[in-house]
file my_file_10.cif (mmCIF, N, CA and C atoms)
data_work
loop_
_atom_site.label_atom_id
_atom_site.label_comp_id
_atom_site.auth_asym_id
_atom_site.auth_seq_id
_atom_site.Cartn_x
_atom_site.Cartn_y
_atom_site.Cartn_z
N GLN A 266 0.01 14.49 -15.37
CA GLN A 266 0.87 13.48 -14.76
C GLN A 266 0.50 13.32 -13.29
N VAL A 267 0.69 12.12 -12.80
CA VAL A 267 0.36 11.79 -11.42
C VAL A 267 1.60 11.24 -10.72
N GLN A 268 1.82 11.67 -9.50
CA GLN A 268 2.95 11.18 -8.71
C GLN A 268 2.45 10.57 -7.41
N LEU A 269 3.09 9.47 -7.01
CA LEU A 269 2.77 8.80 -5.75
C LEU A 269 4.05 8.73 -4.92
N VAL A 270 3.95 9.13 -3.67
CA VAL A 270 5.10 9.10 -2.77
C VAL A 270 4.73 8.33 -1.52
N GLU A 271 5.42 7.21 -1.30
CA GLU A 271 5.19 6.38 -0.11
C GLU A 271 6.13 6.79 1.01
N SER A 272 5.71 6.54 2.22
CA SER A 272 6.55 6.75 3.40
C SER A 272 6.08 5.83 4.51
N GLY A 273 6.92 5.71 5.54
CA GLY A 273 6.52 4.95 6.71
C GLY A 273 7.17 3.58 6.87
N GLY A 274 7.96 3.18 5.89
CA GLY A 274 8.64 1.90 6.01
C GLY A 274 9.76 1.96 7.04
N GLY A 275 10.35 0.78 7.31
CA GLY A 275 11.44 0.75 8.26
C GLY A 275 11.68 -0.65 8.78
N LEU A 276 12.48 -0.71 9.84
CA LEU A 276 12.81 -1.98 10.49
C LEU A 276 11.96 -2.12 11.74
N VAL A 277 11.32 -3.27 11.89
CA VAL A 277 10.46 -3.50 13.04
C VAL A 277 10.63 -4.94 13.49
N GLN A 278 10.45 -5.19 14.76
CA GLN A 278 10.56 -6.54 15.29
C GLN A 278 9.28 -7.33 15.00
N PRO A 279 9.38 -8.64 14.93
CA PRO A 279 8.18 -9.46 14.76
C PRO A 279 7.14 -9.13 15.83
N GLY A 280 5.90 -9.04 15.40
CA GLY A 280 4.82 -8.66 16.30
C GLY A 280 4.58 -7.17 16.36
N GLY A 281 5.46 -6.39 15.77
CA GLY A 281 5.33 -4.95 15.80
C GLY A 281 4.39 -4.41 14.74
N SER A 282 4.31 -3.08 14.68
CA SER A 282 3.39 -2.40 13.76
C SER A 282 4.10 -1.31 12.99
N LEU A 283 3.59 -1.05 11.80
CA LEU A 283 4.02 0.07 10.99
C LEU A 283 2.80 0.63 10.26
N ARG A 284 2.86 1.90 9.93
CA ARG A 284 1.81 2.52 9.14
C ARG A 284 2.44 3.15 7.91
N LEU A 285 2.08 2.68 6.76
CA LEU A 285 2.55 3.25 5.50
C LEU A 285 1.57 4.30 5.01
N SER A 286 2.11 5.33 4.38
CA SER A 286 1.29 6.38 3.77
C SER A 286 1.69 6.54 2.31
N CYS A 287 0.73 6.92 1.51
CA CYS A 287 0.98 7.20 0.09
C CYS A 287 0.21 8.45 -0.28
N VAL A 288 0.95 9.50 -0.62
CA VAL A 288 0.35 10.76 -1.03
C VAL A 288 0.34 10.84 -2.55
N VAL A 289 -0.82 11.14 -3.10
CA VAL A 289 -0.99 11.21 -4.55
C VAL A 289 -1.14 12.67 -4.96
N SER A 290 -0.35 13.09 -5.93
CA SER A 290 -0.43 14.47 -6.41
C SER A 290 -0.48 14.48 -7.93
N GLY A 291 -0.90 15.63 -8.48
CA GLY A 291 -0.95 15.75 -9.93
C GLY A 291 -2.32 16.16 -10.41
N SER A 292 -2.57 15.92 -11.67
CA SER A 292 -3.80 16.36 -12.30
C SER A 292 -4.80 15.21 -12.40
N PHE A 293 -5.77 15.23 -11.51
CA PHE A 293 -6.85 14.24 -11.57
C PHE A 293 -8.04 14.78 -10.81
N PHE A 294 -9.21 14.20 -11.10
CA PHE A 294 -10.43 14.71 -10.48
C PHE A 294 -10.60 14.19 -9.06
N ARG A 295 -10.41 12.87 -8.89
CA ARG A 295 -10.52 12.27 -7.56
C ARG A 295 -9.71 10.99 -7.55
N LEU A 296 -9.37 10.57 -6.35
CA LEU A 296 -8.60 9.36 -6.21
C LEU A 296 -9.36 8.18 -6.79
N PRO A 297 -8.70 7.36 -7.55
CA PRO A 297 -9.32 6.15 -8.11
C PRO A 297 -9.21 5.00 -7.12
N ILE A 298 -9.37 3.79 -7.61
CA ILE A 298 -9.07 2.62 -6.81
C ILE A 298 -7.59 2.68 -6.43
N MET A 299 -7.30 2.50 -5.15
CA MET A 299 -5.93 2.54 -4.66
C MET A 299 -5.56 1.17 -4.11
N ALA A 300 -4.28 0.84 -4.22
CA ALA A 300 -3.85 -0.47 -3.77
C ALA A 300 -2.42 -0.42 -3.24
N TRP A 301 -2.12 -1.36 -2.40
CA TRP A 301 -0.75 -1.61 -1.95
C TRP A 301 -0.31 -2.97 -2.46
N TYR A 302 0.88 -3.00 -3.03
CA TYR A 302 1.51 -4.24 -3.47
C TYR A 302 2.82 -4.38 -2.70
N ARG A 303 3.38 -5.57 -2.75
CA ARG A 303 4.71 -5.77 -2.16
C ARG A 303 5.50 -6.77 -3.02
N GLN A 304 6.81 -6.62 -2.93
CA GLN A 304 7.70 -7.51 -3.65
C GLN A 304 8.87 -7.88 -2.77
N ALA A 305 8.96 -9.15 -2.44
CA ALA A 305 10.07 -9.66 -1.65
C ALA A 305 11.19 -10.10 -2.60
N PRO A 306 12.42 -10.16 -2.12
CA PRO A 306 13.54 -10.57 -2.97
C PRO A 306 13.29 -11.93 -3.61
N GLY A 307 13.47 -12.01 -4.92
CA GLY A 307 13.31 -13.26 -5.64
C GLY A 307 11.88 -13.68 -5.88
N LYS A 308 10.93 -12.81 -5.52
CA LYS A 308 9.51 -13.15 -5.70
C LYS A 308 8.83 -12.12 -6.59
N GLN A 309 7.66 -12.52 -7.10
CA GLN A 309 6.89 -11.60 -7.93
C GLN A 309 6.15 -10.59 -7.05
N ARG A 310 5.85 -9.45 -7.63
CA ARG A 310 5.06 -8.45 -6.92
C ARG A 310 3.65 -9.01 -6.71
N GLU A 311 3.12 -8.82 -5.49
CA GLU A 311 1.81 -9.34 -5.17
C GLU A 311 0.92 -8.26 -4.56
N LEU A 312 -0.38 -8.41 -4.81
CA LEU A 312 -1.35 -7.48 -4.23
C LEU A 312 -1.50 -7.77 -2.74
N VAL A 313 -1.41 -6.71 -1.94
CA VAL A 313 -1.61 -6.83 -0.50
C VAL A 313 -3.02 -6.42 -0.12
N ALA A 314 -3.46 -5.26 -0.61
CA ALA A 314 -4.78 -4.75 -0.26
C ALA A 314 -5.19 -3.69 -1.26
N SER A 315 -6.50 -3.52 -1.45
CA SER A 315 -7.01 -2.48 -2.32
C SER A 315 -8.25 -1.85 -1.70
N ILE A 316 -8.56 -0.62 -2.15
CA ILE A 316 -9.72 0.08 -1.62
C ILE A 316 -10.33 0.92 -2.73
N THR A 317 -11.65 0.83 -2.90
CA THR A 317 -12.33 1.60 -3.93
C THR A 317 -12.66 3.00 -3.42
N GLY A 318 -13.18 3.82 -4.32
CA GLY A 318 -13.58 5.16 -3.93
C GLY A 318 -14.67 5.16 -2.88
N GLY A 319 -15.49 4.11 -2.89
CA GLY A 319 -16.56 4.00 -1.92
C GLY A 319 -16.15 3.35 -0.62
N GLY A 320 -14.88 2.94 -0.54
CA GLY A 320 -14.38 2.36 0.70
C GLY A 320 -14.42 0.85 0.78
N ASN A 321 -14.80 0.18 -0.31
CA ASN A 321 -14.78 -1.28 -0.30
C ASN A 321 -13.34 -1.76 -0.35
N THR A 322 -13.03 -2.74 0.50
CA THR A 322 -11.66 -3.20 0.62
C THR A 322 -11.52 -4.67 0.24
N ASN A 323 -10.30 -5.00 -0.12
CA ASN A 323 -9.95 -6.38 -0.47
C ASN A 323 -8.55 -6.65 0.04
N TYR A 324 -8.33 -7.85 0.61
CA TYR A 324 -7.04 -8.18 1.20
C TYR A 324 -6.53 -9.53 0.71
N ALA A 325 -5.21 -9.64 0.63
CA ALA A 325 -4.61 -10.95 0.41
C ALA A 325 -4.87 -11.80 1.65
N ASP A 326 -5.04 -13.09 1.45
CA ASP A 326 -5.31 -13.98 2.58
C ASP A 326 -4.22 -13.91 3.64
N SER A 327 -2.99 -13.69 3.20
CA SER A 327 -1.85 -13.70 4.13
C SER A 327 -1.85 -12.52 5.09
N VAL A 328 -2.63 -11.48 4.80
CA VAL A 328 -2.62 -10.29 5.67
C VAL A 328 -3.97 -10.01 6.31
N LYS A 329 -4.98 -10.78 5.96
CA LYS A 329 -6.32 -10.55 6.53
C LYS A 329 -6.27 -10.62 8.05
N GLY A 330 -6.92 -9.64 8.68
CA GLY A 330 -6.95 -9.60 10.14
C GLY A 330 -5.75 -8.91 10.76
N ARG A 331 -4.72 -8.64 9.96
CA ARG A 331 -3.53 -7.96 10.47
C ARG A 331 -3.31 -6.59 9.85
N PHE A 332 -3.65 -6.45 8.58
CA PHE A 332 -3.45 -5.19 7.85
C PHE A 332 -4.78 -4.51 7.60
N THR A 333 -4.75 -3.18 7.57
CA THR A 333 -5.95 -2.41 7.26
C THR A 333 -5.59 -1.30 6.28
N ILE A 334 -6.30 -1.26 5.16
CA ILE A 334 -6.11 -0.19 4.19
C ILE A 334 -7.20 0.84 4.39
N SER A 335 -6.84 2.11 4.26
CA SER A 335 -7.82 3.18 4.39
C SER A 335 -7.41 4.34 3.49
N ARG A 336 -8.30 5.28 3.30
CA ARG A 336 -8.01 6.41 2.45
C ARG A 336 -8.63 7.68 2.99
N ASP A 337 -7.98 8.79 2.72
CA ASP A 337 -8.48 10.12 3.06
C ASP A 337 -8.54 10.90 1.76
N ASN A 338 -9.73 10.95 1.16
CA ASN A 338 -9.85 11.57 -0.15
C ASN A 338 -9.54 13.07 -0.11
N ALA A 339 -9.82 13.70 1.00
CA ALA A 339 -9.53 15.14 1.12
C ALA A 339 -8.04 15.41 1.09
N LYS A 340 -7.26 14.46 1.56
CA LYS A 340 -5.80 14.62 1.59
C LYS A 340 -5.11 13.87 0.46
N ASN A 341 -5.91 13.23 -0.41
CA ASN A 341 -5.34 12.42 -1.51
C ASN A 341 -4.31 11.43 -0.98
N THR A 342 -4.65 10.77 0.10
CA THR A 342 -3.70 9.89 0.78
C THR A 342 -4.35 8.55 1.07
N VAL A 343 -3.57 7.50 0.91
CA VAL A 343 -4.01 6.15 1.27
C VAL A 343 -3.02 5.60 2.28
N TYR A 344 -3.53 4.81 3.21
CA TYR A 344 -2.72 4.29 4.29
C TYR A 344 -2.77 2.76 4.31
N LEU A 345 -1.74 2.18 4.90
CA LEU A 345 -1.75 0.75 5.17
C LEU A 345 -1.25 0.56 6.60
N GLN A 346 -2.16 0.23 7.50
CA GLN A 346 -1.80 -0.07 8.88
C GLN A 346 -1.46 -1.54 8.96
N MET A 347 -0.25 -1.83 9.40
CA MET A 347 0.23 -3.21 9.46
C MET A 347 0.52 -3.58 10.91
N ASN A 348 -0.23 -4.53 11.42
CA ASN A 348 -0.04 -5.00 12.79
C ASN A 348 0.40 -6.46 12.80
N SER A 349 0.90 -6.89 13.94
CA SER A 349 1.34 -8.28 14.10
C SER A 349 2.25 -8.71 12.94
N LEU A 350 3.22 -7.87 12.67
CA LEU A 350 4.09 -8.13 11.52
C LEU A 350 4.93 -9.38 11.72
N LYS A 351 5.17 -10.06 10.59
CA LYS A 351 5.92 -11.31 10.58
C LYS A 351 7.14 -11.15 9.67
N PRO A 352 8.18 -11.95 9.88
CA PRO A 352 9.35 -11.86 9.00
C PRO A 352 8.98 -12.03 7.52
N GLU A 353 7.96 -12.82 7.23
CA GLU A 353 7.57 -13.02 5.84
C GLU A 353 6.87 -11.80 5.24
N ASP A 354 6.60 -10.79 6.04
CA ASP A 354 6.06 -9.54 5.50
C ASP A 354 7.17 -8.64 4.96
N THR A 355 8.41 -9.02 5.16
CA THR A 355 9.53 -8.23 4.67
C THR A 355 9.48 -8.13 3.15
N ALA A 356 9.50 -6.89 2.65
CA ALA A 356 9.39 -6.64 1.22
C ALA A 356 9.48 -5.14 0.97
N VAL A 357 9.57 -4.79 -0.30
CA VAL A 357 9.36 -3.40 -0.70
C VAL A 357 7.87 -3.25 -1.00
N TYR A 358 7.26 -2.26 -0.37
CA TYR A 358 5.83 -2.02 -0.52
C TYR A 358 5.62 -0.86 -1.48
N TYR A 359 4.72 -1.08 -2.45
CA TYR A 359 4.45 -0.10 -3.49
C TYR A 359 2.98 0.33 -3.43
N CYS A 360 2.77 1.60 -3.62
CA CYS A 360 1.43 2.16 -3.74
C CYS A 360 1.07 2.21 -5.22
N ASN A 361 -0.20 1.95 -5.51
CA ASN A 361 -0.66 1.93 -6.90
C ASN A 361 -1.99 2.66 -7.01
N ALA A 362 -2.11 3.48 -8.05
CA ALA A 362 -3.36 4.21 -8.34
C ALA A 362 -3.90 3.72 -9.68
N LYS A 363 -5.10 3.13 -9.64
CA LYS A 363 -5.68 2.52 -10.85
C LYS A 363 -6.73 3.44 -11.45
N PHE A 364 -6.29 4.31 -12.34
CA PHE A 364 -7.23 5.15 -13.08
C PHE A 364 -7.81 4.36 -14.24
N ILE A 365 -8.88 4.88 -14.82
CA ILE A 365 -9.40 4.28 -16.04
C ILE A 365 -8.38 4.57 -17.14
N GLY A 366 -7.69 3.53 -17.58
CA GLY A 366 -6.60 3.70 -18.54
C GLY A 366 -5.27 3.52 -17.84
N PRO A 367 -4.57 4.62 -17.50
CA PRO A 367 -3.25 4.48 -16.91
C PRO A 367 -3.28 4.04 -15.45
N SER A 368 -2.20 3.40 -15.05
CA SER A 368 -2.00 3.00 -13.66
C SER A 368 -0.65 3.57 -13.25
N TYR A 369 -0.58 4.13 -12.05
CA TYR A 369 0.65 4.77 -11.60
C TYR A 369 1.19 4.08 -10.35
N TRP A 370 2.52 4.12 -10.20
CA TRP A 370 3.19 3.48 -9.09
C TRP A 370 4.07 4.47 -8.35
N GLY A 371 4.20 4.22 -7.05
CA GLY A 371 5.19 4.95 -6.28
C GLY A 371 6.55 4.29 -6.40
N GLN A 372 7.52 4.87 -5.71
CA GLN A 372 8.90 4.37 -5.80
C GLN A 372 9.15 3.20 -4.86
N GLY A 373 8.25 2.99 -3.93
CA GLY A 373 8.39 1.88 -2.99
C GLY A 373 9.02 2.29 -1.68
N THR A 374 8.66 1.58 -0.62
CA THR A 374 9.25 1.80 0.69
C THR A 374 9.57 0.43 1.30
N GLN A 375 10.75 0.32 1.87
CA GLN A 375 11.22 -0.97 2.39
C GLN A 375 10.64 -1.22 3.78
N VAL A 376 10.10 -2.41 3.96
CA VAL A 376 9.64 -2.88 5.27
C VAL A 376 10.45 -4.13 5.60
N THR A 377 11.12 -4.09 6.72
CA THR A 377 11.92 -5.24 7.16
C THR A 377 11.47 -5.65 8.55
N VAL A 378 11.07 -6.91 8.67
CA VAL A 378 10.61 -7.44 9.95
C VAL A 378 11.66 -8.46 10.43
N SER A 379 12.36 -8.09 11.47
CA SER A 379 13.46 -8.92 11.94
C SER A 379 13.76 -8.61 13.39
N SER A 380 14.21 -9.63 14.12
CA SER A 380 14.64 -9.42 15.50
C SER A 380 16.14 -9.19 15.55
#

call {"tool": "encode", "arguments": {"input": "my_file_10.cif", "output": "structure tokens"}}
result
Amino acid sequence: QVQLVESGGGLVQPGGSLRLSCVVSGSFFRLPIMAWYRQAPGKQRELVASITGGGNTNYADSVKGRFTISRDNAKNTVYLQMNSLKPEDTAVYYCNAKFIGPSYWGQGTQVTVSS
């Protein structure tokens, strides 16, 4: 079994920054493709960013240039650095681990961007 625990969410003013962390634990050989998703009230969950084992990254157009995904394989941790935050970034952010076969999710962390 694999567990994902996110942290780092909170309330921030527009233009501010937050750094989300996701620690992965359990029985696996190495971290797979990791991703961050978000879900705003009344909207579908959407992909924010992903990163492969080799460090290749992919971003939603809405966050390009503002968000950075990274990973520390030694710590089994993936990060999402969010800068220049906007009110429309408000959502619950979820960490996802895409193994061959099963995919695992964290419980989510709330990010609220408001003045």

call {"tool": "closest_residue", "arguments": {"input": "my_file_10.cif", "among": "A:Tyr358, A:Ser327, A:Arg295, A:Ser315", "to": "A:Thr374", "atoms": "only N, CA and C atoms"}}
result
A:Tyr358

call {"tool": "select_by_dssp", "arguments": {"input": "my_file_10.cif", "residues": "chain A", "states": "helix (DSSP H, G or I)", "output": "number ranges by chain"}}
result
A: 338-340, 352-354

call {"tool": "resolve_selection", "arguments": {"input": "my_file_10.cif", "expression": "the PyMOL selection byres (((chain A and resi 332 and name CA) around 8) and name CA)", "output": "list of chain:residue names"}}
result
A:Val328, A:Lys329, A:Gly330, A:Arg331, A:Thr333, A:Ile334, A:Leu345, A:Gln346, A:Met347, A:Asn348

call {"tool": "resolve_selection", "arguments": {"input": "my_file_10.cif", "expression": "the PyMOL selection byres (((chain A and resi 298-300 and name CA) around 8) and name CA)", "output": "list in words"}}
result
Leu296, Pro297, Trp301, Tyr302, Leu312, Val313, Ala314, Ser315, Ile316, Thr317, Gly318, Val343, Cys360, Asn361, Ala362, Lys363 and Phe364 of chain A

call {"tool": "write_last_selection", "arguments": {"input": "my_file_10.cif", "atoms": "N, CA and C atoms", "output": "CSV table (one decimal), keeping the file's coordinate frame"}}
result
chain,number,residue,atom,x,y,z
A,296,LEU,N,-9.4,10.6,-6.4
A,296,LEU,CA,-8.6,9.4,-6.2
A,296,LEU,C,-9.4,8.2,-6.8
A,297,PRO,N,-8.7,7.4,-7.6
A,297,PRO,CA,-9.3,6.2,-8.1
A,297,PRO,C,-9.2,5.0,-7.1
A,301,TRP,N,-2.1,-1.4,-2.4
A,301,TRP,CA,-0.8,-1.6,-2.0
A,301,TRP,C,-0.3,-3.0,-2.5
A,302,TYR,N,0.9,-3.0,-3.0
A,302,TYR,CA,1.5,-4.2,-3.5
A,302,TYR,C,2.8,-4.4,-2.7
A,312,LEU,N,-0.4,-8.4,-4.8
A,312,LEU,CA,-1.4,-7.5,-4.2
A,312,LEU,C,-1.5,-7.8,-2.7
A,313,VAL,N,-1.4,-6.7,-1.9
A,313,VAL,CA,-1.6,-6.8,-0.5
A,313,VAL,C,-3.0,-6.4,-0.1
A,314,ALA,N,-3.5,-5.3,-0.6
A,314,ALA,CA,-4.8,-4.8,-0.3
A,314,ALA,C,-5.2,-3.7,-1.3
A,315,SER,N,-6.5,-3.5,-1.4
A,315,SER,CA,-7.0,-2.5,-2.3
A,315,SER,C,-8.2,-1.8,-1.7
A,316,ILE,N,-8.6,-0.6,-2.2
A,316,ILE,CA,-9.7,0.1,-1.6
A,316,ILE,C,-10.3,0.9,-2.7
A,317,THR,N,-11.6,0.8,-2.9
A,317,THR,CA,-12.3,1.6,-3.9
A,317,THR,C,-12.7,3.0,-3.4
A,318,GLY,N,-13.2,3.8,-4.3
A,318,GLY,CA,-13.6,5.2,-3.9
A,318,GLY,C,-14.7,5.2,-2.9
A,343,VAL,N,-3.6,7.5,0.9
A,343,VAL,CA,-4.0,6.2,1.3
A,343,VAL,C,-3.0,5.6,2.3
A,360,CYS,N,2.8,1.6,-3.6
A,360,CYS,CA,1.4,2.2,-3.7
A,360,CYS,C,1.1,2.2,-5.2
A,361,ASN,N,-0.2,2.0,-5.5
A,361,ASN,CA,-0.7,1.9,-6.9
A,361,ASN,C,-2.0,2.7,-7.0
A,362,ALA,N,-2.1,3.5,-8.0
A,362,ALA,CA,-3.4,4.2,-8.3
A,362,ALA,C,-3.9,3.7,-9.7
A,363,LYS,N,-5.1,3.1,-9.6
A,363,LYS,CA,-5.7,2.5,-10.8
A,363,LYS,C,-6.7,3.4,-11.4
A,364,PHE,N,-6.3,4.3,-12.3
A,364,PHE,CA,-7.2,5.2,-13.1
A,364,PHE,C,-7.8,4.4,-14.2

call {"tool": "atom_distance", "arguments": {"input": "my_file_10.cif", "atom1": "atom C of A:Ser368", "atom2": "atom CA of A:Ser272"}}
result
18.4 Å

call {"tool": "resolve_selection", "arguments": {"input": "my_file_10.cif", "expression": "the PyMOL selection byres ((chain A and resi 290) around 6)", "output": "list in words"}}
result
Gln266, Val267, Gln268, Leu269, Val288, Val289, Gly291 and Ser292 of chain A

call {"tool": "atom_distance", "arguments": {"input": "my_file_10.cif", "atom1": "atom C of A:Cys287", "atom2": "atom CA of A:Gly307"}}
result
25.9 Å

call {"tool": "select_by_dssp", "arguments": {"input": "my_file_10.cif", "residues": "chain A", "states": "strand (DSSP E or B)", "output": "short mmCIF file (atom, residue, chain, number, x, y, z; two decimals) with N, CA and C atoms, in the frame of the given file"}}
result
data_model
loop_
_atom_site.label_atom_id
_atom_site.label_comp_id
_atom_site.auth_asym_id
_atom_site.auth_seq_id
_atom_site.Cartn_x
_atom_site.Cartn_y
_atom_site.Cartn_z
N VAL A 267 0.69 12.12 -12.80
CA VAL A 267 0.36 11.79 -11.42
C VAL A 267 1.60 11.24 -10.72
N GLN A 268 1.82 11.67 -9.50
CA GLN A 268 2.95 11.18 -8.71
C GLN A 268 2.45 10.57 -7.41
N LEU A 269 3.09 9.47 -7.01
CA LEU A 269 2.77 8.80 -5.75
C LEU A 269 4.05 8.73 -4.92
N VAL A 270 3.95 9.13 -3.67
CA VAL A 270 5.10 9.10 -2.77
C VAL A 270 4.73 8.33 -1.52
N GLU A 271 5.42 7.21 -1.30
CA GLU A 271 5.19 6.38 -0.11
C GLU A 271 6.13 6.79 1.01
N SER A 272 5.71 6.54 2.22
CA SER A 272 6.55 6.75 3.40
C SER A 272 6.08 5.83 4.51
N GLY A 275 10.35 0.78 7.31
CA GLY A 275 11.44 0.75 8.26
C GLY A 275 11.68 -0.65 8.78
N LEU A 276 12.48 -0.71 9.84
CA LEU A 276 12.81 -1.98 10.49
C LEU A 276 11.96 -2.12 11.74
N VAL A 277 11.32 -3.27 11.89
CA VAL A 277 10.46 -3.50 13.04
C VAL A 277 10.63 -4.94 13.49
N LEU A 283 3.59 -1.05 11.80
CA LEU A 283 4.02 0.07 10.99
C LEU A 283 2.80 0.63 10.26
N ARG A 284 2.86 1.90 9.93
CA ARG A 284 1.81 2.52 9.14
C ARG A 284 2.44 3.15 7.91
N LEU A 285 2.08 2.68 6.76
CA LEU A 285 2.55 3.25 5.50
C LEU A 285 1.57 4.30 5.01
N SER A 286 2.11 5.33 4.38
CA SER A 286 1.29 6.38 3.77
C SER A 286 1.69 6.54 2.31
N CYS A 287 0.73 6.92 1.51
CA CYS A 287 0.98 7.20 0.09
C CYS A 287 0.21 8.45 -0.28
N VAL A 288 0.95 9.50 -0.62
CA VAL A 288 0.35 10.76 -1.03
C VAL A 288 0.34 10.84 -2.55
N VAL A 289 -0.82 11.14 -3.10
CA VAL A 289 -0.99 11.21 -4.55
C VAL A 289 -1.14 12.67 -4.96
N SER A 290 -0.35 13.09 -5.93
CA SER A 290 -0.43 14.47 -6.41
C SER A 290 -0.48 14.48 -7.93
N GLY A 291 -0.90 15.63 -8.48
CA GLY A 291 -0.95 15.75 -9.93
C GLY A 291 -2.32 16.16 -10.41
N ILE A 298 -9.37 3.79 -7.61
CA ILE A 298 -9.07 2.62 -6.81
C ILE A 298 -7.59 2.68 -6.43
N MET A 299 -7.30 2.50 -5.15
CA MET A 299 -5.93 2.54 -4.66
C MET A 299 -5.56 1.17 -4.11
N ALA A 300 -4.28 0.84 -4.22
CA ALA A 300 -3.85 -0.47 -3.77
C ALA A 300 -2.42 -0.42 -3.24
N TRP A 301 -2.12 -1.36 -2.40
CA TRP A 301 -0.75 -1.61 -1.95
C TRP A 301 -0.31 -2.97 -2.46
N TYR A 302 0.88 -3.00 -3.03
CA TYR A 302 1.51 -4.24 -3.47
C TYR A 302 2.82 -4.38 -2.70
N ARG A 303 3.38 -5.57 -2.75
CA ARG A 303 4.71 -5.77 -2.16
C ARG A 303 5.50 -6.77 -3.02
N GLN A 304 6.81 -6.62 -2.93
CA GLN A 304 7.70 -7.51 -3.65
C GLN A 304 8.87 -7.88 -2.77
N GLU A 311 3.12 -8.82 -5.49
CA GLU A 311 1.81 -9.34 -5.17
C GLU A 311 0.92 -8.26 -4.56
N LEU A 312 -0.38 -8.41 -4.81
CA LEU A 312 -1.35 -7.48 -4.23
C LEU A 312 -1.50 -7.77 -2.74
N VAL A 313 -1.41 -6.71 -1.94
CA VAL A 313 -1.61 -6.83 -0.50
C VAL A 313 -3.02 -6.42 -0.12
N ALA A 314 -3.46 -5.26 -0.61
CA ALA A 314 -4.78 -4.75 -0.26
C ALA A 314 -5.19 -3.69 -1.26
N SER A 315 -6.50 -3.52 -1.45
CA SER A 315 -7.01 -2.48 -2.32
C SER A 315 -8.25 -1.85 -1.70
N ILE A 316 -8.56 -0.62 -2.15
CA ILE A 316 -9.72 0.08 -1.62
C ILE A 316 -10.33 0.92 -2.73
N THR A 322 -13.03 -2.74 0.50
CA THR A 322 -11.66 -3.20 0.62
C THR A 322 -11.52 -4.67 0.24
N ASN A 323 -10.30 -5.00 -0.12
CA ASN A 323 -9.95 -6.38 -0.47
C ASN A 323 -8.55 -6.65 0.04
N TYR A 324 -8.33 -7.85 0.61
CA TYR A 324 -7.04 -8.18 1.20
C TYR A 324 -6.53 -9.53 0.71
N PHE A 332 -3.65 -6.45 8.58
CA PHE A 332 -3.45 -5.19 7.85
C PHE A 332 -4.78 -4.51 7.60
N THR A 333 -4.75 -3.18 7.57
CA THR A 333 -5.95 -2.41 7.26
C THR A 333 -5.59 -1.30 6.28
N ILE A 334 -6.30 -1.26 5.16
CA ILE A 334 -6.11 -0.19 4.19
C ILE A 334 -7.20 0.84 4.39
N SER A 335 -6.84 2.11 4.26
CA SER A 335 -7.82 3.18 4.39
C SER A 335 -7.41 4.34 3.49
N ARG A 336 -8.30 5.28 3.30
CA ARG A 336 -8.01 6.41 2.45
C ARG A 336 -8.63 7.68 2.99
N ASP A 337 -7.98 8.79 2.72
CA ASP A 337 -8.48 10.12 3.06
C ASP A 337 -8.54 10.90 1.76
N THR A 342 -4.65 10.77 0.10
CA THR A 342 -3.70 9.89 0.78
C THR A 342 -4.35 8.55 1.07
N VAL A 343 -3.57 7.50 0.91
CA VAL A 343 -4.01 6.15 1.27
C VAL A 343 -3.02 5.60 2.28
N TYR A 344 -3.53 4.81 3.21
CA TYR A 344 -2.72 4.29 4.29
C TYR A 344 -2.77 2.76 4.31
N LEU A 345 -1.74 2.18 4.90
CA LEU A 345 -1.75 0.75 5.17
C LEU A 345 -1.25 0.56 6.60
N GLN A 346 -2.16 0.23 7.50
CA GLN A 346 -1.80 -0.07 8.88
C GLN A 346 -1.46 -1.54 8.96
N MET A 347 -0.25 -1.83 9.40
CA MET A 347 0.23 -3.21 9.46
C MET A 347 0.52 -3.58 10.91
N ALA A 356 9.50 -6.89 2.65
CA ALA A 356 9.39 -6.64 1.22
C ALA A 356 9.48 -5.14 0.97
N VAL A 357 9.57 -4.79 -0.30
CA VAL A 357 9.36 -3.40 -0.70
C VAL A 357 7.87 -3.25 -1.00
N TYR A 358 7.26 -2.26 -0.37
CA TYR A 358 5.83 -2.02 -0.52
C TYR A 358 5.62 -0.86 -1.48
N TYR A 359 4.72 -1.08 -2.45
CA TYR A 359 4.45 -0.10 -3.49
C TYR A 359 2.98 0.33 -3.43
N CYS A 360 2.77 1.60 -3.62
CA CYS A 360 1.43 2.16 -3.74
C CYS A 360 1.07 2.21 -5.22
N ASN A 361 -0.20 1.95 -5.51
CA ASN A 361 -0.66 1.93 -6.90
C ASN A 361 -1.99 2.66 -7.01
N ALA A 362 -2.11 3.48 -8.05
CA ALA A 362 -3.36 4.21 -8.34
C ALA A 362 -3.90 3.72 -9.68
N LYS A 363 -5.10 3.13 -9.64
CA LYS A 363 -5.68 2.52 -10.85
C LYS A 363 -6.73 3.44 -11.45
N SER A 368 -2.20 3.40 -15.05
CA SER A 368 -2.00 3.00 -13.66
C SER A 368 -0.65 3.57 -13.25
N TYR A 369 -0.58 4.13 -12.05
CA TYR A 369 0.65 4.77 -11.60
C TYR A 369 1.19 4.08 -10.35
N TRP A 370 2.52 4.12 -10.20
CA TRP A 370 3.19 3.48 -9.09
C TRP A 370 4.07 4.47 -8.35
N THR A 374 8.66 1.58 -0.62
CA THR A 374 9.25 1.80 0.69
C THR A 374 9.57 0.43 1.30
N GLN A 375 10.75 0.32 1.87
CA GLN A 375 11.22 -0.97 2.39
C GLN A 375 10.64 -1.22 3.78
N VAL A 376 10.10 -2.41 3.96
CA VAL A 376 9.64 -2.88 5.27
C VAL A 376 10.45 -4.13 5.60
N THR A 377 11.12 -4.09 6.72
CA THR A 377 11.92 -5.24 7.16
C THR A 377 11.47 -5.65 8.55
N VAL A 378 11.07 -6.91 8.67
CA VAL A 378 10.61 -7.44 9.95
C VAL A 378 11.66 -8.46 10.43
#

call {"tool": "closest_residue", "arguments": {"input": "my_file_10.cif", "among": "A:Gln304, A:Gln278, A:Ser349, A:Thr355", "to": "A:Ser379", "atoms": "all atoms listed in the file"}}
result
A:Gln278

call {"tool": "closest_residue", "arguments": {"input": "my_file_10.cif", "among": "A:Asp337, A:Arg310, A:Ala305, A:Gln372", "to": "A:Ala356", "atoms": "all atoms listed in the file"}}
result
A:Ala305
